[in-house]
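Single-structure report; data block below.
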Amino acid sequence: MGSLRTPLVCKFLLVSLILVGLSSISIANAKVYVVGGTKEWGFSGSYDMWCRRRSFVAGDVLVFKYPVGAHNTVRVSIFGYRSCKATARESSKALWTGNDRFTLKKGNNYFICGIPGHCSAGMKIKAFAK
């Protein structure tokens, strides 16, 4: 009876190894994008337009560059994006490094500057990843 299960276990392990291998290949091909290009993360330009000119995939990385202390970056829900307000939980995960890196998840990804007034002044971004 044990010999009947062995081939099934081997097939399961083989499929698992293949899936792990394929997932690491997609991560290795991830692209890194500096949000806003040379203008960086700030009050310059439309981030919606910047996103529309790019085709993101899950695993790509967005880098938010800015002078330390001038801004921050918060991953928010669609509600936070629309209202320009992060929840307490989202705010607790805000990055303040001036070189903030976020890996995109499949679907819509929303980010704002959590400093009062900055998001409503245009510091928010919605990036769709395939």
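Chain identifiers are assigned as A, B, and so on, following the order in which chains appear in the structure tokens; residues are numbered from 1 within each chain, and ligands are numbered from 1 in order of appearance.
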Might you pull out every residue within 10 Å of A:Cys84, with only C-alpha atoms counted and same-chain residues fewer than 3 positions away left off, and present them as a ChimeraX atom specification? /A:76,78-81,111-124
Next, dump the selected residues to file, keeping only N, CA and C atoms, as a CSV table (one decimal), in the first residue's frame.
```
chain,number,residue,atom,x,y,z
A,76,VAL,N,-1.9,52.3,0.2
A,76,VAL,CA,-3.3,52.5,0.7
A,76,VAL,C,-4.2,51.6,-0.2
A,78,ILE,N,-8.1,51.5,-2.2
A,78,ILE,CA,-8.7,52.4,-3.1
A,78,ILE,C,-9.4,53.6,-2.4
A,79,PHE,N,-9.9,53.3,-1.2
A,79,PHE,CA,-10.6,54.3,-0.4
A,79,PHE,C,-9.6,55.4,0.1
A,80,GLY,N,-8.4,54.9,0.5
A,80,GLY,CA,-7.3,55.9,0.9
A,80,GLY,C,-6.8,56.7,-0.3
A,81,TYR,N,-6.8,56.1,-1.4
A,81,TYR,CA,-6.4,56.8,-2.6
A,81,TYR,C,-7.4,57.9,-3.0
A,111,PHE,N,-0.8,54.3,-3.9
A,111,PHE,CA,0.1,54.9,-3.0
A,111,PHE,C,-0.2,56.4,-2.9
A,112,ILE,N,0.1,56.9,-1.7
A,112,ILE,CA,-0.1,58.4,-1.5
A,112,ILE,C,1.1,58.9,-0.6
A,113,CYS,N,1.3,60.2,-0.6
A,113,CYS,CA,2.1,60.8,0.4
A,113,CYS,C,1.2,61.0,1.6
A,114,GLY,N,1.6,60.6,2.8
A,114,GLY,CA,0.7,60.6,4.0
A,114,GLY,C,0.8,62.0,4.7
A,115,ILE,N,1.7,62.9,4.3
A,115,ILE,CA,1.8,64.2,5.0
A,115,ILE,C,0.5,65.0,4.6
A,116,PRO,N,-0.2,65.5,5.6
A,116,PRO,CA,-1.4,66.3,5.3
A,116,PRO,C,-1.2,67.3,4.2
A,117,GLY,N,-2.1,67.3,3.2
A,117,GLY,CA,-2.1,68.2,2.1
A,117,GLY,C,-1.3,67.8,0.9
A,118,HIS,N,-0.4,66.9,1.0
A,118,HIS,CA,0.4,66.5,-0.1
A,118,HIS,C,-0.3,65.6,-1.1
A,119,CYS,N,-1.1,64.7,-0.6
A,119,CYS,CA,-1.9,63.8,-1.5
A,119,CYS,C,-2.9,64.7,-2.3
A,120,SER,N,-3.6,65.5,-1.6
A,120,SER,CA,-4.6,66.4,-2.3
A,120,SER,C,-3.9,67.3,-3.3
A,121,ALA,N,-2.6,67.6,-3.1
A,121,ALA,CA,-1.9,68.4,-4.1
A,121,ALA,C,-1.3,67.6,-5.2
A,122,GLY,N,-1.7,66.3,-5.3
A,122,GLY,CA,-1.3,65.5,-6.4
A,122,GLY,C,-0.3,64.4,-6.2
A,123,MET,N,0.1,64.2,-4.9
A,123,MET,CA,1.1,63.2,-4.6
A,123,MET,C,0.3,61.9,-4.3
A,124,LYS,N,-0.2,61.3,-5.3
A,124,LYS,CA,-0.8,60.0,-5.2
A,124,LYS,C,-0.7,59.3,-6.6
```
What lies within 6 Å of A:Lys65 using only C-alpha atoms, ignoring chain neighbours under 3 positions off, as a list of chain:residue names? A:Glu40, A:Trp41, A:Gly98, A:Asn99
Please provide the set of residues having any atom within 9 Å of stretch 54-57 of chain A, restricted to only C-alpha atoms, with same-chain residues fewer than 3 positions apart removed, written as a tab-separated table (two decimals) with N, CA and C atoms, in the first residue's frame.
```tsv
chain	number	residue	atom	x	y	z
A	30	ALA	N	11.69	41.06	-12.98
A	30	ALA	CA	11.01	42.26	-12.51
A	30	ALA	C	11.80	43.51	-12.91
A	31	LYS	N	11.05	44.55	-13.25
A	31	LYS	CA	11.67	45.82	-13.59
A	31	LYS	C	11.55	46.78	-12.41
A	50	TRP	N	2.11	59.44	-15.98
A	50	TRP	CA	3.36	58.68	-15.91
A	50	TRP	C	3.05	57.19	-15.92
A	51	CYS	N	2.06	56.76	-15.17
A	51	CYS	CA	1.69	55.34	-15.11
A	51	CYS	C	1.12	54.84	-16.44
A	60	ASP	N	7.12	43.84	-10.34
A	60	ASP	CA	7.89	45.05	-10.63
A	60	ASP	C	7.99	45.88	-9.35
A	61	VAL	N	8.99	46.73	-9.30
A	61	VAL	CA	9.25	47.54	-8.10
A	61	VAL	C	9.14	49.02	-8.44
A	104	LEU	N	5.06	45.62	-6.67
A	104	LEU	CA	3.67	45.66	-7.12
A	104	LEU	C	3.02	44.29	-7.04
A	105	LYS	N	1.78	44.29	-6.59
A	105	LYS	CA	0.96	43.09	-6.56
A	105	LYS	C	0.08	43.10	-7.81
A	106	LYS	N	-0.43	41.95	-8.19
A	106	LYS	CA	-1.31	41.87	-9.36
A	106	LYS	C	-2.56	42.70	-9.10
A	107	GLY	N	-2.96	43.50	-10.09
A	107	GLY	CA	-4.13	44.37	-9.96
A	107	GLY	C	-3.71	45.80	-9.68
A	127	ALA	N	-1.13	52.35	-9.79
A	127	ALA	CA	-0.37	51.57	-10.78
A	127	ALA	C	-1.04	50.20	-10.93
A	128	PHE	N	-1.45	49.87	-12.15
A	128	PHE	CA	-2.05	48.57	-12.42
A	128	PHE	C	-0.97	47.61	-12.91
A	129	ALA	N	-0.91	46.45	-12.26
A	129	ALA	CA	0.08	45.43	-12.65
A	129	ALA	C	-0.65	44.19	-13.16
A	130	LYS	N	-0.20	43.71	-14.32
A	130	LYS	CA	-0.79	42.50	-14.91
A	130	LYS	C	-0.33	41.28	-14.17
```
Can you list, as a list of chain:residue names, all residues belonging to stretch 61-128 of chain A that DSSP tags as strand (DSSP E or B)? A:Val61, A:Leu62, A:Val63, A:Phe64, A:Lys65, A:Thr73, A:Val74, A:Arg75, A:Val76, A:Leu95, A:Asn99, A:Asp100, A:Arg101, A:Phe102, A:Thr103, A:Gly107, A:Asn108, A:Asn109, A:Tyr110, A:Phe111, A:Ile112, A:Lys124, A:Ile125, A:Lys126, A:Ala127, A:Phe128
Any chance you could export the current selection's C-alpha atoms as a PDB file, in the first residue's frame?
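selection.pdb, written as the output of this step:
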```pdb
ATOM      1  CA  VAL A  61       9.249  47.537  -8.102  1.00  0.00           C
ATOM      2  CA  LEU A  62       8.324  51.199  -7.733  1.00  0.00           C
ATOM      3  CA  VAL A  63      10.968  53.417  -6.129  1.00  0.00           C
ATOM      4  CA  PHE A  64       9.825  56.699  -4.605  1.00  0.00           C
ATOM      5  CA  LYS A  65      12.794  59.107  -4.420  1.00  0.00           C
ATOM      6  CA  THR A  73       5.071  56.880   0.841  1.00  0.00           C
ATOM      7  CA  VAL A  74       2.074  54.907   2.057  1.00  0.00           C
ATOM      8  CA  ARG A  75       0.499  51.900   0.318  1.00  0.00           C
ATOM      9  CA  VAL A  76      -3.253  52.451   0.673  1.00  0.00           C
ATOM     10  CA  LEU A  95       8.184  54.601   4.518  1.00  0.00           C
ATOM     11  CA  ASN A  99      14.318  55.835  -1.490  1.00  0.00           C
ATOM     12  CA  ASP A 100      11.139  53.871  -0.718  1.00  0.00           C
ATOM     13  CA  ARG A 101      10.681  50.585  -2.596  1.00  0.00           C
ATOM     14  CA  PHE A 102       7.390  48.747  -3.087  1.00  0.00           C
ATOM     15  CA  THR A 103       6.833  45.538  -5.026  1.00  0.00           C
ATOM     16  CA  GLY A 107      -4.130  44.368  -9.961  1.00  0.00           C
ATOM     17  CA  ASN A 108      -4.366  47.966  -8.805  1.00  0.00           C
ATOM     18  CA  ASN A 109      -1.728  49.285  -6.400  1.00  0.00           C
ATOM     19  CA  TYR A 110      -2.382  52.600  -4.663  1.00  0.00           C
ATOM     20  CA  PHE A 111       0.149  54.913  -2.990  1.00  0.00           C
ATOM     21  CA  ILE A 112      -0.059  58.366  -1.451  1.00  0.00           C
ATOM     22  CA  LYS A 124      -0.830  59.972  -5.237  1.00  0.00           C
ATOM     23  CA  ILE A 125      -0.406  57.176  -7.730  1.00  0.00           C
ATOM     24  CA  LYS A 126      -2.428  54.243  -9.012  1.00  0.00           C
ATOM     25  CA  ALA A 127      -0.372  51.567 -10.777  1.00  0.00           C
ATOM     26  CA  PHE A 128      -2.053  48.574 -12.421  1.00  0.00           C
TER      27      PHE A 128
END
```
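In this structure, atom CA of A:Asn29 sits 8.4 Å away from atom CA of A:Gly59.
Scanning stretch 73-108 of chain A with DSSP on the backbone, the helix (DSSP H, G or I) assignments fall on Ile78, Phe79, Gly80, Tyr81, Arg82, Ser83, Ala88, Arg89, Glu90, Ser91 and Ser92 of chain A.
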Store the residues picked out above in a file with N, CA, C and O atoms, as a PDB file, in the first residue's frame.
```pdb
ATOM      1  N   ILE A  78      -8.056  51.513  -2.185  1.00  0.00           N
ATOM      2  CA  ILE A  78      -8.703  52.438  -3.123  1.00  0.00           C
ATOM      3  C   ILE A  78      -9.374  53.583  -2.369  1.00  0.00           C
ATOM      4  O   ILE A  78      -9.390  54.714  -2.834  1.00  0.00           O
ATOM      5  N   PHE A  79      -9.895  53.294  -1.173  1.00  0.00           N
ATOM      6  CA  PHE A  79     -10.555  54.325  -0.380  1.00  0.00           C
ATOM      7  C   PHE A  79      -9.557  55.367   0.094  1.00  0.00           C
ATOM      8  O   PHE A  79      -9.846  56.570   0.066  1.00  0.00           O
ATOM      9  N   GLY A  80      -8.380  54.923   0.506  1.00  0.00           N
ATOM     10  CA  GLY A  80      -7.334  55.854   0.907  1.00  0.00           C
ATOM     11  C   GLY A  80      -6.843  56.694  -0.257  1.00  0.00           C
ATOM     12  O   GLY A  80      -6.552  57.878  -0.106  1.00  0.00           O
ATOM     13  N   TYR A  81      -6.784  56.070  -1.431  1.00  0.00           N
ATOM     14  CA  TYR A  81      -6.368  56.784  -2.636  1.00  0.00           C
ATOM     15  C   TYR A  81      -7.378  57.874  -2.984  1.00  0.00           C
ATOM     16  O   TYR A  81      -7.002  59.008  -3.253  1.00  0.00           O
ATOM     17  N   ARG A  82      -8.654  57.515  -2.960  1.00  0.00           N
ATOM     18  CA  ARG A  82      -9.704  58.482  -3.328  1.00  0.00           C
ATOM     19  C   ARG A  82      -9.855  59.598  -2.305  1.00  0.00           C
ATOM     20  O   ARG A  82     -10.080  60.754  -2.662  1.00  0.00           O
ATOM     21  N   SER A  83      -9.741  59.259  -1.023  1.00  0.00           N
ATOM     22  CA  SER A  83      -9.962  60.252   0.037  1.00  0.00           C
ATOM     23  C   SER A  83      -8.682  60.957   0.470  1.00  0.00           C
ATOM     24  O   SER A  83      -8.741  61.925   1.228  1.00  0.00           O
ATOM     25  N   ALA A  88      -4.981  54.017  10.111  1.00  0.00           N
ATOM     26  CA  ALA A  88      -3.901  53.948  11.107  1.00  0.00           C
ATOM     27  C   ALA A  88      -2.957  52.794  10.782  1.00  0.00           C
ATOM     28  O   ALA A  88      -1.734  52.938  10.887  1.00  0.00           O
ATOM     29  N   ARG A  89      -3.519  51.679  10.356  1.00  0.00           N
ATOM     30  CA  ARG A  89      -2.683  50.515  10.010  1.00  0.00           C
ATOM     31  C   ARG A  89      -1.799  50.819   8.797  1.00  0.00           C
ATOM     32  O   ARG A  89      -0.620  50.480   8.783  1.00  0.00           O
ATOM     33  N   GLU A  90      -2.381  51.457   7.768  1.00  0.00           N
ATOM     34  CA  GLU A  90      -1.599  51.812   6.577  1.00  0.00           C
ATOM     35  C   GLU A  90      -0.510  52.824   6.944  1.00  0.00           C
ATOM     36  O   GLU A  90       0.634  52.686   6.520  1.00  0.00           O
ATOM     37  N   SER A  91      -0.869  53.814   7.753  1.00  0.00           N
ATOM     38  CA  SER A  91       0.098  54.847   8.156  1.00  0.00           C
ATOM     39  C   SER A  91       1.258  54.267   8.948  1.00  0.00           C
ATOM     40  O   SER A  91       2.386  54.751   8.847  1.00  0.00           O
ATOM     41  N   SER A  92       0.974  53.217   9.728  1.00  0.00           N
ATOM     42  CA  SER A  92       2.044  52.615  10.526  1.00  0.00           C
ATOM     43  C   SER A  92       3.100  51.944   9.652  1.00  0.00           C
ATOM     44  O   SER A  92       4.211  51.689  10.106  1.00  0.00           O
TER      45      SER A  92
END
```
In Å to one decimal, how far is atom CA of A:Tyr47 from atom CA of A:Asn72?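 Interatomic distance here is 15.5 Å.
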To one decimal place, how far is atom CA of A:Arg52 from atom CA of A:Tyr33 in Å?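 Atom CA of A:Tyr33 lies 13.2 Å from atom CA of A:Arg52.
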